[in-house]
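**Student:** Just one file: query.csv, with CSV, C-alpha atoms and all ligand atoms.
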chain,number,residue,atom,x,y,z
W,1,MET,CA,1.2,0.8,21.5
W,2,GLN,CA,3.0,-2.4,22.5
W,3,LEU,CA,1.7,-5.7,21.1
W,4,SER,CA,0.9,-7.0,24.6
W,5,GLN,CA,-1.2,-3.9,25.3
W,6,ARG,CA,-3.1,-4.4,22.0
W,7,LYS,CA,-3.7,-8.0,22.8
W,8,ALA,CA,-5.2,-7.1,26.2
W,9,LEU,CA,-7.4,-4.3,24.6
W,10,ILE,CA,-8.6,-6.7,21.9
W,11,GLU,CA,-9.3,-9.6,24.3
W,12,LYS,CA,-11.4,-7.3,26.6
W,13,SER,CA,-13.4,-5.9,23.7
W,14,PHE,CA,-13.8,-9.4,22.1
W,15,ILE,CA,-15.4,-10.7,25.3
W,16,GLU,CA,-17.7,-7.7,25.4
W,17,HIS,CA,-18.7,-8.3,21.8
W,18,TYR,CA,-19.0,-12.1,21.7
W,19,GLY,CA,-19.1,-13.3,25.3
W,20,ALA,CA,-15.9,-15.5,25.1
W,21,PRO,CA,-12.2,-14.9,24.4
W,22,PRO,CA,-10.6,-15.2,21.0
W,23,THR,CA,-8.6,-18.4,20.2
W,24,LEU,CA,-6.6,-17.1,17.3
W,25,PHE,CA,-4.7,-13.9,16.3
W,26,VAL,CA,-3.4,-13.1,12.9
W,27,GLN,CA,-1.5,-10.0,11.6
W,28,ALA,CA,-0.7,-8.4,8.3
W,29,PRO,CA,1.5,-5.3,7.9
W,30,GLY,CA,1.1,-2.1,6.0
W,31,ARG,CA,3.8,-1.1,3.5
W,32,VAL,CA,5.7,1.9,2.3
W,33,ASP,CA,7.0,2.2,-1.2
W,34,LEU,CA,10.6,3.6,-1.2
W,35,MET,CA,10.3,4.2,-5.0
W,36,GLY,CA,7.8,3.4,-7.7
W,37,SER,CA,4.6,5.4,-7.8
W,38,HIS,CA,1.8,3.9,-9.9
W,39,THR,CA,4.4,1.5,-11.5
W,40,ASP,CA,2.6,-1.6,-10.2
W,41,TYR,CA,-0.4,-1.6,-12.6
W,42,ASN,CA,2.0,-0.7,-15.4
W,43,LEU,CA,3.7,-4.1,-14.6
W,44,GLY,CA,7.0,-2.3,-13.7
W,45,TYR,CA,9.1,-2.3,-10.6
W,46,VAL,CA,8.6,-1.1,-7.0
W,47,LEU,CA,11.1,-0.8,-4.2
W,48,THR,CA,8.9,-1.6,-1.2
W,49,GLN,CA,8.9,-2.8,2.4
W,50,ALA,CA,6.3,-4.0,4.9
W,51,ILE,CA,6.3,-1.7,8.0
W,52,ASP,CA,6.0,-2.0,11.7
W,53,ARG,CA,2.4,-0.9,11.6
W,54,ASN,CA,-0.1,-3.7,11.1
W,55,THR,CA,-3.7,-5.0,11.3
W,56,LEU,CA,-4.6,-7.7,13.7
W,57,ILE,CA,-7.7,-9.9,13.6
W,58,ALA,CA,-8.6,-11.9,16.7
W,59,ALA,CA,-11.0,-14.7,16.0
W,60,ARG,CA,-13.0,-17.5,17.5
W,61,PRO,CA,-14.4,-20.3,15.2
W,62,ARG,CA,-18.1,-20.8,14.8
W,63,ALA,CA,-19.8,-24.0,13.7
W,64,ASP,CA,-22.7,-22.4,11.7
W,65,GLY,CA,-20.8,-20.9,8.7
W,66,VAL,CA,-21.5,-17.4,9.8
W,67,ALA,CA,-18.9,-14.6,10.0
W,68,ARG,CA,-19.4,-11.8,12.4
W,69,LEU,CA,-17.0,-8.8,12.3
W,70,ALA,CA,-16.3,-5.8,14.4
W,71,SER,CA,-13.4,-3.3,14.3
W,72,LEU,CA,-11.9,-1.2,17.1
W,73,ASN,CA,-11.2,1.3,14.4
W,74,VAL,CA,-14.7,1.6,13.0
W,75,ALA,CA,-18.2,1.4,14.5
W,76,GLY,CA,-20.7,-1.4,13.8
W,77,ILE,CA,-20.9,-5.1,13.5
W,78,SER,CA,-21.2,-6.8,10.1
W,79,GLU,CA,-22.5,-10.3,9.9
W,80,PHE,CA,-22.7,-12.5,6.8
W,81,ASP,CA,-23.4,-16.1,5.8
W,82,LEU,CA,-20.4,-17.7,4.1
W,83,ALA,CA,-22.8,-19.6,1.9
W,84,ASN,CA,-24.2,-16.4,0.5
W,85,ILE,CA,-21.7,-13.5,0.4
W,86,GLU,CA,-23.1,-10.1,-0.5
W,87,ARG,CA,-21.7,-6.6,-0.4
W,88,ASP,CA,-22.5,-4.6,2.8
W,89,THR,CA,-23.5,-1.1,2.0
W,90,ILE,CA,-24.0,-0.1,5.7
W,91,HIS,CA,-20.5,-1.4,6.7
W,92,PRO,CA,-18.5,-1.0,3.5
W,93,TRP,CA,-15.3,-1.7,5.5
W,94,SER,CA,-16.4,-5.3,5.8
W,95,ASN,CA,-16.3,-5.7,2.1
W,96,TYR,CA,-12.6,-6.1,2.1
W,97,ILE,CA,-13.1,-9.3,4.2
W,98,ARG,CA,-16.2,-10.4,2.4
W,99,GLY,CA,-14.3,-10.0,-0.9
W,100,VAL,CA,-11.5,-12.2,0.3
W,101,ALA,CA,-13.9,-14.9,1.5
W,102,ASP,CA,-15.8,-14.7,-1.9
W,103,VAL,CA,-12.6,-15.1,-4.0
W,104,LEU,CA,-11.2,-17.9,-1.8
W,105,GLN,CA,-14.5,-19.8,-2.0
W,106,LYS,CA,-14.7,-19.4,-5.7
W,107,GLU,CA,-11.2,-20.8,-5.9
W,108,GLY,CA,-12.4,-23.9,-4.1
W,109,TYR,CA,-11.1,-23.3,-0.6
W,110,PRO,CA,-13.6,-24.3,2.1
W,111,LEU,CA,-14.2,-21.6,4.7
W,112,ALA,CA,-15.2,-21.8,8.3
W,113,GLY,CA,-17.3,-19.3,10.2
W,114,PHE,CA,-15.9,-17.1,13.0
W,115,ASP,CA,-16.4,-14.2,15.3
W,116,GLY,CA,-13.7,-11.6,14.6
W,117,LEU,CA,-12.4,-8.4,15.9
W,118,ILE,CA,-10.0,-6.1,14.0
W,119,HIS,CA,-7.5,-3.7,15.4
W,120,SER,CA,-5.1,-1.7,13.2
W,121,THR,CA,-2.3,0.8,13.7
W,122,ILE,CA,-2.2,1.7,10.0
W,123,PRO,CA,-3.9,5.0,9.3
W,124,PHE,CA,-6.7,4.7,6.7
W,125,GLY,CA,-6.3,6.2,3.2
W,126,SER,CA,-2.8,7.6,3.9
W,127,GLY,CA,-0.8,5.6,1.4
W,128,LEU,CA,0.4,2.9,3.8
W,129,SER,CA,-2.2,0.4,2.6
W,130,SER,CA,-4.6,-0.4,5.4
W,131,SER,CA,-7.0,-2.1,2.9
W,132,ALA,CA,-4.4,-4.7,1.7
W,133,ALA,CA,-3.4,-5.4,5.3
W,134,LEU,CA,-7.0,-6.1,6.2
W,135,GLU,CA,-7.4,-8.4,3.1
W,136,VAL,CA,-4.2,-10.3,3.7
W,137,ALA,CA,-4.9,-10.7,7.4
W,138,ALA,CA,-8.3,-12.1,6.4
W,139,ALA,CA,-6.7,-14.6,4.0
W,140,VAL,CA,-4.4,-15.8,6.7
W,141,LEU,CA,-7.4,-16.1,9.1
W,142,PHE,CA,-9.4,-18.2,6.6
W,143,GLU,CA,-6.4,-20.4,6.0
W,144,SER,CA,-5.9,-20.9,9.7
W,145,LEU,CA,-9.6,-21.6,10.5
W,146,ALA,CA,-9.9,-24.3,7.8
W,147,ASP,CA,-7.5,-27.0,6.9
W,148,TRP,CA,-5.5,-25.8,3.9
W,149,GLU,CA,-2.5,-23.7,3.1
W,150,ILE,CA,-1.6,-21.3,0.3
W,151,ALA,CA,1.7,-19.8,-0.7
W,152,PRO,CA,2.0,-16.1,0.4
W,153,VAL,CA,2.4,-14.9,-3.2
W,154,ARG,CA,-0.9,-16.6,-4.1
W,155,LYS,CA,-2.6,-15.0,-1.1
W,156,ALA,CA,-1.4,-11.6,-2.4
W,157,ILE,CA,-2.8,-12.3,-5.9
W,158,LEU,CA,-6.2,-13.5,-4.5
W,159,CYS,CA,-6.4,-10.5,-2.2
W,160,GLN,CA,-5.7,-8.2,-5.1
W,161,ARG,CA,-8.5,-9.9,-7.0
W,162,ALA,CA,-10.8,-9.4,-4.0
W,163,GLU,CA,-10.0,-5.6,-4.0
W,164,ASN,CA,-10.4,-5.4,-7.8
W,165,GLU,CA,-13.5,-7.5,-8.3
W,166,PHE,CA,-15.5,-7.3,-5.0
W,167,VAL,CA,-14.5,-3.9,-3.6
W,168,GLY,CA,-14.2,-2.4,-7.1
W,169,MET,CA,-10.8,-0.7,-6.7
W,170,ASN,CA,-8.6,-1.5,-9.7
W,171,CYS,CA,-5.3,-1.5,-7.8
W,172,GLY,CA,-2.1,-3.2,-8.8
W,173,ILE,CA,-0.3,-6.0,-6.9
W,174,LEU,CA,2.0,-3.8,-4.8
W,175,ASP,CA,0.0,-3.5,-1.6
W,176,GLN,CA,-1.1,-7.1,-1.1
W,177,TYR,CA,2.3,-8.4,-2.2
W,178,SER,CA,4.2,-6.2,0.3
W,179,SER,CA,1.9,-7.2,3.1
W,180,ALA,CA,2.1,-10.9,2.3
W,181,MET,CA,5.8,-11.1,1.4
W,182,GLY,CA,7.5,-8.6,3.7
W,183,VAL,CA,10.9,-9.5,5.1
W,184,SER,CA,12.0,-8.2,8.5
W,185,GLY,CA,14.9,-5.7,8.1
W,186,SER,CA,15.0,-5.9,4.3
W,187,VAL,CA,13.6,-4.0,1.3
W,188,ILE,CA,12.0,-5.8,-1.6
W,189,LEU,CA,12.6,-5.1,-5.2
W,190,LEU,CA,9.2,-6.2,-6.6
W,191,ASP,CA,8.8,-7.1,-10.3
W,192,CYS,CA,5.1,-6.6,-10.9
W,193,LYS,CA,5.2,-8.4,-14.3
W,194,ALA,CA,6.8,-11.6,-13.1
W,195,ILE,CA,5.2,-11.2,-9.6
W,196,THR,CA,8.5,-12.0,-8.0
W,197,HIS,CA,11.0,-10.1,-5.9
W,198,GLU,CA,14.6,-9.8,-5.0
W,199,ILE,CA,15.7,-8.9,-1.5
W,200,ARG,CA,17.9,-5.8,-1.6
W,201,PRO,CA,20.2,-4.6,1.2
W,202,ILE,CA,20.3,-1.0,2.5
W,203,ALA,CA,23.7,0.2,3.4
W,204,PRO,CA,23.9,1.6,7.0
W,205,GLY,CA,23.5,5.3,7.6
W,206,VAL,CA,20.0,5.9,6.2
W,207,GLN,CA,16.7,6.0,8.2
W,208,VAL,CA,13.3,5.8,6.5
W,209,MET,CA,10.7,8.2,8.0
W,210,ILE,CA,7.0,8.5,7.4
W,211,CYS,CA,5.6,12.0,7.3
W,212,ASP,CA,1.8,11.9,7.4
W,213,THR,CA,0.3,15.2,6.0
W,214,LYS,CA,-3.1,14.2,7.6
W,215,ALA,CA,-4.6,15.8,4.5
W,216,LYS,CA,-7.9,14.3,3.7
W,217,ARG,CA,-7.7,12.6,0.4
W,218,ALA,CA,-9.8,14.8,-1.9
W,219,LEU,CA,-10.4,12.0,-4.4
W,220,THR,CA,-13.7,11.9,-6.3
W,221,GLY,CA,-12.8,8.2,-7.0
W,222,SER,CA,-12.1,8.9,-10.6
W,223,GLU,CA,-8.4,10.0,-10.4
W,224,TYR,CA,-6.9,6.5,-9.9
W,225,PRO,CA,-8.8,4.7,-12.7
W,226,GLU,CA,-8.2,7.8,-14.9
W,227,ARG,CA,-4.5,7.6,-14.5
W,228,ARG,CA,-4.5,3.9,-15.2
W,229,ALA,CA,-6.6,4.3,-18.3
W,230,GLN,CA,-4.2,7.0,-19.6
W,231,CYS,CA,-1.3,4.6,-19.1
W,232,GLU,CA,-3.1,1.8,-20.9
W,233,GLU,CA,-4.0,4.1,-23.8
W,234,GLY,CA,-0.3,5.1,-24.1
W,235,ALA,CA,0.8,1.5,-24.1
W,236,ARG,CA,-1.9,0.6,-26.7
W,237,ILE,CA,-0.7,3.4,-29.0
W,238,LEU,CA,2.9,2.4,-28.6
W,239,HIS,CA,2.1,-1.2,-29.3
W,240,ARG,CA,1.0,-0.2,-32.8
W,241,PHE,CA,4.5,0.9,-33.6
W,242,TYR,CA,6.3,-1.6,-31.4
W,243,PRO,CA,4.5,-4.9,-31.2
W,244,GLU,CA,6.7,-6.0,-28.2
W,245,ILE,CA,5.2,-3.3,-26.0
W,246,HIS,CA,2.2,-4.6,-24.0
W,247,SER,CA,2.5,-2.3,-21.0
W,248,LEU,CA,4.6,0.7,-20.1
W,249,ARG,CA,7.1,-1.6,-18.5
W,250,ASP,CA,8.1,-2.7,-22.0
W,251,ALA,CA,8.6,0.9,-23.3
W,252,SER,CA,11.7,3.1,-23.4
W,253,LEU,CA,11.9,6.8,-23.2
W,254,ASP,CA,13.3,6.9,-26.8
W,255,GLN,CA,10.4,4.9,-28.1
W,256,LEU,CA,8.0,7.3,-26.3
W,257,ALA,CA,9.7,10.4,-27.6
W,258,ALA,CA,9.7,9.1,-31.2
W,259,HIS,CA,5.9,9.1,-31.0
W,260,GLN,CA,5.1,12.2,-29.1
W,261,ALA,CA,2.9,13.4,-32.0
W,262,ASP,CA,0.9,10.2,-31.9
W,263,LEU,CA,-0.1,10.5,-28.2
W,264,PRO,CA,-2.5,13.0,-26.6
W,265,SER,CA,-0.3,15.4,-24.5
W,266,VAL,CA,-1.8,14.3,-21.2
W,267,VAL,CA,-1.2,10.7,-22.0
W,268,TYR,CA,2.4,11.5,-23.1
W,269,LYS,CA,3.1,13.1,-19.7
W,270,ARG,CA,1.7,10.2,-17.8
W,271,CYS,CA,3.8,7.7,-19.8
W,272,GLN,CA,6.9,9.8,-19.4
W,273,PHE,CA,6.5,9.7,-15.6
W,274,ILE,CA,6.0,6.0,-15.5
W,275,ILE,CA,8.9,5.1,-17.7
W,276,GLU,CA,11.2,7.4,-15.8
W,277,GLU,CA,9.9,6.2,-12.4
W,278,ASN,CA,10.5,2.6,-13.4
W,279,GLN,CA,14.2,3.4,-14.1
W,280,ARG,CA,14.3,5.3,-10.8
W,281,VAL,CA,13.2,2.2,-8.9
W,282,LEU,CA,16.3,0.3,-10.2
W,283,ASP,CA,18.6,3.2,-9.6
W,284,MET,CA,17.2,3.7,-6.1
W,285,ALA,CA,17.8,0.1,-5.2
W,286,ASP,CA,21.4,0.4,-6.3
W,287,ALA,CA,22.0,3.7,-4.6
W,288,LEU,CA,20.6,2.5,-1.2
W,289,ALA,CA,22.6,-0.8,-1.5
W,290,ALA,CA,25.8,1.1,-2.2
W,291,GLY,CA,25.3,3.7,0.5
W,292,ARG,CA,25.1,6.5,-2.1
W,293,HIS,CA,22.8,8.6,0.1
W,294,GLU,CA,22.9,11.7,-1.9
W,295,ASP,CA,21.9,9.9,-5.0
W,296,ALA,CA,19.0,8.3,-3.1
W,297,GLY,CA,17.8,11.7,-1.9
W,298,ARG,CA,18.1,13.2,-5.4
W,299,LEU,CA,16.1,10.3,-6.9
W,300,ALA,CA,13.4,10.7,-4.3
W,301,LEU,CA,13.1,14.4,-5.2
W,302,GLU,CA,13.0,13.6,-8.9
W,303,SER,CA,10.1,11.2,-8.2
W,304,PHE,CA,8.3,13.9,-6.3
W,305,ALA,CA,8.8,16.4,-9.1
W,306,GLY,CA,7.5,14.0,-11.7
W,307,ALA,CA,4.5,13.1,-9.6
W,308,ARG,CA,3.7,16.8,-9.3
W,309,ASP,CA,4.4,18.0,-12.8
W,310,LEU,CA,3.8,14.9,-15.0
W,311,TYR,CA,1.5,12.5,-13.2
W,312,GLU,CA,-0.3,15.3,-11.2
W,313,ILE,CA,-1.0,13.4,-8.0
W,314,VAL,CA,0.5,16.0,-5.6
W,315,CYS,CA,-1.7,18.3,-3.5
W,316,ILE,CA,-0.7,21.5,-1.7
W,317,GLU,CA,-0.3,19.7,1.7
W,318,MET,CA,2.2,17.4,0.1
W,319,ILE,CA,4.1,20.4,-1.2
W,320,ALA,CA,4.1,22.0,2.2
W,321,MET,CA,5.4,18.7,3.7
W,322,LYS,CA,8.1,18.4,1.1
W,323,GLU,CA,9.3,22.0,2.0
W,324,ALA,CA,9.3,21.1,5.7
W,325,ILE,CA,11.3,18.0,5.0
W,326,ILE,CA,14.0,19.3,2.7
W,327,THR,CA,14.8,22.2,5.1
W,328,ALA,CA,15.1,19.8,8.1
W,329,PRO,CA,18.4,18.6,9.6
W,330,GLY,CA,19.6,15.3,8.2
W,331,ALA,CA,17.2,15.3,5.3
W,332,LEU,CA,18.4,13.5,2.1
W,333,GLY,CA,15.2,13.6,0.0
W,334,THR,CA,11.5,12.7,0.0
W,335,ARG,CA,8.7,11.6,-2.3
W,336,GLY,CA,5.0,10.7,-2.0
W,337,ALA,CA,4.0,7.3,-0.6
W,338,GLY,CA,1.2,5.3,-2.2
W,339,ALA,CA,-1.2,6.7,-4.7
W,340,GLY,CA,-0.7,10.4,-3.8
W,341,PHE,CA,-3.5,13.1,-3.5
W,342,GLY,CA,-2.6,13.5,0.2
W,343,GLY,CA,-1.5,10.9,2.7
W,344,CYS,CA,2.1,10.3,3.6
W,345,LEU,CA,5.5,11.3,2.3
W,346,VAL,CA,8.4,8.9,2.7
W,347,ALA,CA,11.6,10.7,3.7
W,348,PHE,CA,15.2,9.5,3.7
W,349,ILE,CA,17.3,10.9,6.4
W,350,GLU,CA,20.8,10.5,7.9
W,351,GLU,CA,20.8,8.0,10.8
W,352,GLY,CA,20.8,9.7,14.1
W,353,ALA,CA,19.0,12.8,12.9
W,354,GLN,CA,15.6,11.4,13.7
W,355,GLU,CA,14.6,13.6,16.6
W,356,ALA,CA,15.8,17.0,15.2
W,357,PHE,CA,14.3,16.1,11.9
W,358,ALA,CA,10.9,15.3,13.4
W,359,HIS,CA,10.8,18.5,15.4
W,360,HIS,CA,11.7,20.7,12.5
W,361,VAL,CA,9.2,19.0,10.1
W,362,PHE,CA,6.4,19.2,12.6
W,363,ASP,CA,6.9,22.9,13.4
W,364,SER,CA,7.4,23.9,9.8
W,365,TYR,CA,4.4,21.9,8.5
W,366,VAL,CA,2.1,23.3,11.2
W,367,GLU,CA,3.2,26.8,10.4
W,368,GLN,CA,2.4,26.4,6.8
W,369,THR,CA,-0.9,24.4,7.0
W,370,HIS,CA,-2.2,24.7,10.6
W,371,ILE,CA,-2.5,20.9,10.4
W,372,GLU,CA,-0.6,18.7,12.9
W,373,PRO,CA,1.3,16.0,11.0
W,374,GLU,CA,2.6,12.7,12.3
W,375,ILE,CA,6.3,11.9,11.9
W,376,TYR,CA,7.7,8.5,12.7
W,377,PRO,CA,10.4,6.0,11.6
W,378,ALA,CA,9.5,3.0,9.5
W,379,HIS,CA,11.2,-0.3,10.1
W,380,ALA,CA,11.0,-3.1,7.6
W,381,ALA,CA,8.8,-5.9,9.0
W,382,ALA,CA,7.9,-9.5,8.2
W,383,GLY,CA,4.9,-10.3,6.1
W,384,ALA,CA,1.5,-11.6,7.4
W,385,GLY,CA,1.0,-14.6,9.6
W,386,VAL,CA,-0.5,-16.2,12.7
W,387,ILE,CA,0.7,-14.6,15.9
W,388,GLN,CA,2.0,-17.0,18.6
W,389,PHE,CA,1.7,-15.3,21.9
N,401,LIG,P1,-5.4,2.7,2.3
N,401,LIG,O1,-5.3,1.2,1.8
N,401,LIG,O2,-4.4,3.5,1.5
N,401,LIG,O3,-5.2,2.8,3.7
N,401,LIG,P2,-8.0,2.5,1.2
N,401,LIG,O4,-9.0,3.5,0.9
N,401,LIG,O5,-7.6,1.6,0.1
N,401,LIG,O6,-6.8,3.2,1.9
N,401,LIG,O7,-8.6,1.6,2.3
N,401,LIG,C1,-9.0,2.1,3.6
N,401,LIG,C2,-10.3,1.4,4.0
N,401,LIG,O8,-10.0,0.1,4.4
N,401,LIG,C3,-11.0,2.0,5.2
N,401,LIG,O9,-11.8,3.2,4.8
N,401,LIG,C4,-11.8,0.9,5.7
N,401,LIG,O10,-13.0,0.7,4.9
N,401,LIG,C5,-10.9,-0.3,5.4
N,401,LIG,N1,-10.1,-0.7,6.6
N,401,LIG,C6,-8.8,-0.7,6.7
N,401,LIG,N2,-8.4,-1.1,7.9
N,401,LIG,C7,-9.5,-1.3,8.7
N,401,LIG,C8,-9.8,-1.6,10.0
N,401,LIG,N3,-8.8,-1.8,10.9
N,401,LIG,N4,-11.0,-1.8,10.4
N,401,LIG,C9,-12.0,-1.5,9.5
N,401,LIG,N5,-11.9,-1.2,8.3
N,401,LIG,C10,-10.6,-1.0,7.8
N,402,MG,MG,-5.8,0.6,-0.1
Let me see whether you can do it: turn the structure in this file into structure tokens.
**Tutor:**
Amino acid sequence: MQLSQRKALIEKSFIEHYGAPPTLFVQAPGRVDLMGSHTDYNLGYVLTQAIDRNTLIAARPRADGVARLASLNVAGISEFDLANIERDTIHPWSNYIRGVADVLQKEGYPLAGFDGLIHSTIPFGSGLSSSAALEVAAAVLFESLADWEIAPVRKAILCQRAENEFVGMNCGILDQYSSAMGVSGSVILLDCKAITHEIRPIAPGVQVMICDTKAKRALTGSEYPERRAQCEEGARILHRFYPEIHSLRDASLDQLAAHQADLPSVVYKRCQFIIEENQRVLDMADALAAGRHEDAGRLALESFAGARDLYEIVCIEMIAMKEAIITAPGALGTRGAGAGFGGCLVAFIEEGAQEAFAHHVFDSYVEQTHIEPEIYPAHAAAGAGVIQF
């Protein structure tokens, strides 16, 4: 949907909800990781880009310190007093915004009340990070409604804190950082330890495609924190032998291999994946910059195999999608986007092959799973901000 169409849709609905038009629009994009699964909370590297799918919040200030929220993607209205922010169990989706408000306020930023309406083109729970887009959009909104400014990187850190502490999801910095710091037309090599990035070029000839399995994430909620705890256990054990190791970012494969007997076998597999994946991020950045397309494709497939065999975050729909992709015209390689357990794969294909690729992947995936996937290109987008119409 075009931005102008979305604006019209939002304005109409805003007036229906609140009786007056919005005065302010903000946006924050989703993201896709080109390499680096679960490396962020291990303080490693991720090659990431913000994408041309985003979350808009339209708003109108209120003078009474109350925030009212509705979303065109979810039913219900959630209302809260900024002087007393509690979790909403009936509209849990509003907790992403309540959390941001809570963190900002505790950091000393004054907040103003508003009526708000959300509209997103990012699918939920599919590995493209709709939650971080909502948080970062909220941070931009609070900043615009009151009279202060914070640097985008600090916004990302505070939004991550909101998701960690208020929502209760112990995620790394990747999602919020990508949404706040995205650069139009560029990929970002994110260093999650230093919380900085370098902009990396992509040589012409490659197109990034999103292939959404539409598989419902079958998470019980424990898989993500369990993986994180296993990595932390591995780093703790290695630290006993190598005091300079504080996270898996600091560990080498040789150090890990030298202490195989000291680690539980599951922990060993998780650590091996993360240490290898970290190196793959750096190798991928170089391969894409140099136009070594076959290397980029191979690295993606190695990441997929490690995610399946060592980190165990790949489900059968992801395997079906990978099969559909690697047999498609123009395909170079593919890997899971985001945390895994369903959601999207990111595919690297030869430029110009988009249509034939999408047709083949669609048909082959439907044949295997009887689920209709969604296949579309991803273009690197700018980070969050106020929209000037
Ligand atoms: P992901 O970030 O990978 O998309 P999460 O489970 O972390 O998946 O976050 C998805 C949740 O974020 C949704 O279930 C919903 O609660 C909230 N959310 C995201 N975008 C919106 C939106 N546009 N309107 C309302 N809630 C949203
Ligand atoms: Mg999320």
**Student:** If you take only C-alpha atoms and a cut-off of 7 Å, which residues of stretch 142-244 of chain W touch stretch 31-54 of chain W, and what are their nearest atom pairs and distances in Å to one decimal, in chain and number order, as JSON lines?
**Tutor:**
{"residue": "W:Cys171", "atom": "CA", "partner": "W:Tyr41", "partner_atom": "CA", "distance": 6.9}
{"residue": "W:Gly172", "atom": "CA", "partner": "W:Tyr41", "partner_atom": "CA", "distance": 4.5}
{"residue": "W:Ile173", "atom": "CA", "partner": "W:Asp40", "partner_atom": "CA", "distance": 6.2}
{"residue": "W:Leu174", "atom": "CA", "partner": "W:Asp40", "partner_atom": "CA", "distance": 5.9}
{"residue": "W:Asp175", "atom": "CA", "partner": "W:Arg31", "partner_atom": "CA", "distance": 6.8}
{"residue": "W:Ser178", "atom": "CA", "partner": "W:Ala50", "partner_atom": "CA", "distance": 5.5}
{"residue": "W:Ser179", "atom": "CA", "partner": "W:Ala50", "partner_atom": "CA", "distance": 5.7}
{"residue": "W:Gly182", "atom": "CA", "partner": "W:Ala50", "partner_atom": "CA", "distance": 4.9}
{"residue": "W:Val187", "atom": "CA", "partner": "W:Gln49", "partner_atom": "CA", "distance": 5.0}
{"residue": "W:Ile188", "atom": "CA", "partner": "W:Thr48", "partner_atom": "CA", "distance": 5.2}
{"residue": "W:Leu189", "atom": "CA", "partner": "W:Leu47", "partner_atom": "CA", "distance": 4.7}
{"residue": "W:Leu190", "atom": "CA", "partner": "W:Val46", "partner_atom": "CA", "distance": 5.2}
{"residue": "W:Asp191", "atom": "CA", "partner": "W:Tyr45", "partner_atom": "CA", "distance": 4.8}
{"residue": "W:Cys192", "atom": "CA", "partner": "W:Leu43", "partner_atom": "CA", "distance": 4.7}
{"residue": "W:Lys193", "atom": "CA", "partner": "W:Leu43", "partner_atom": "CA", "distance": 4.6}
**Student:** Using all atoms listed in the file for the distances, tell me which of W:Ala162, W:Leu9, W:Leu104, W:Leu111 is nearest to ligand MG 402 (chain N).
**Tutor:** W:Ala162
**Student:** Report as an MDAnalysis selection string which protein, DNA and RNA residues come within 10 Å of ligand MG 402 (chain N), using only C-alpha atoms and all ligand atoms.
**Tutor:** chainID W and resid 30 96 124:135 163 169 171 175:176 338:339
**Student:** When you count only C-alpha atoms, which of these residues is closest to W:Asp254: W:Glu149, W:Glu107, W:Asp286, W:Glu276?
**Tutor:**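 Under the stated criterion, the closest residue is W:Glu276.
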**Student:** Please compute the atom CA of W:Lys106-atom CA of W:Asn84 distance, one decimal, in Å.
**Tutor:**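 A separation of 11.7 Å between them.
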**Student:** Of the residues W:Arg298, W:His359, W:Arg227, W:His119, which is the one nearest to ligand LIG 401 (chain N), using all atoms listed in the file?
**Tutor:** W:His119
**Student:** What is the atom CA of W:Pro201 to atom CA of W:Ala287 distance in Å?
**Tutor:** 10.3 Å
**Student:** Tell me which of W:Met1, W:Ile202, W:Leu301, W:Ile150 sits closest to W:Gly108, counting all atoms listed in the file.
**Tutor:**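 Using all atoms listed in the file, the shortest distance to W:Gly108 belongs to W:Ile150.
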**Student:** Select, counting only C-alpha atoms, all protein, DNA and RNA residues no farther than 12 Å from (8.4, 18.3, -9.8) in file coordinates, and express the selection as a JSON list (two decimals) with C-alpha atoms, keeping the file's coordinate frame.
**Tutor:**
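Final output, selection_7.json:
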[["chain", "number", "residue", "atom", "x", "y", "z"],
["W", 273, "PHE", "CA", 6.50, 9.70, -15.60],
["W", 298, "ARG", "CA", 18.10, 13.20, -5.40],
["W", 299, "LEU", "CA", 16.10, 10.30, -6.90],
["W", 300, "ALA", "CA", 13.40, 10.70, -4.30],
["W", 301, "LEU", "CA", 13.10, 14.40, -5.20],
["W", 302, "GLU", "CA", 13.00, 13.60, -8.90],
["W", 303, "SER", "CA", 10.10, 11.20, -8.20],
["W", 304, "PHE", "CA", 8.30, 13.90, -6.30],
["W", 305, "ALA", "CA", 8.80, 16.40, -9.10],
["W", 306, "GLY", "CA", 7.50, 14.00, -11.70],
["W", 307, "ALA", "CA", 4.50, 13.10, -9.60],
["W", 308, "ARG", "CA", 3.70, 16.80, -9.30],
["W", 309, "ASP", "CA", 4.40, 18.00, -12.80],
["W", 310, "LEU", "CA", 3.80, 14.90, -15.00],
["W", 311, "TYR", "CA", 1.50, 12.50, -13.20],
["W", 312, "GLU", "CA", -0.30, 15.30, -11.20],
["W", 313, "ILE", "CA", -1.00, 13.40, -8.00],
["W", 314, "VAL", "CA", 0.50, 16.00, -5.60],
["W", 315, "CYS", "CA", -1.70, 18.30, -3.50],
["W", 318, "MET", "CA", 2.20, 17.40, 0.10],
["W", 319, "ILE", "CA", 4.10, 20.40, -1.20],
["W", 322, "LYS", "CA", 8.10, 18.40, 1.10],
["W", 334, "THR", "CA", 11.50, 12.70, 0.00],
["W", 335, "ARG", "CA", 8.70, 11.60, -2.30],
["W", 336, "GLY", "CA", 5.00, 10.70, -2.00]]
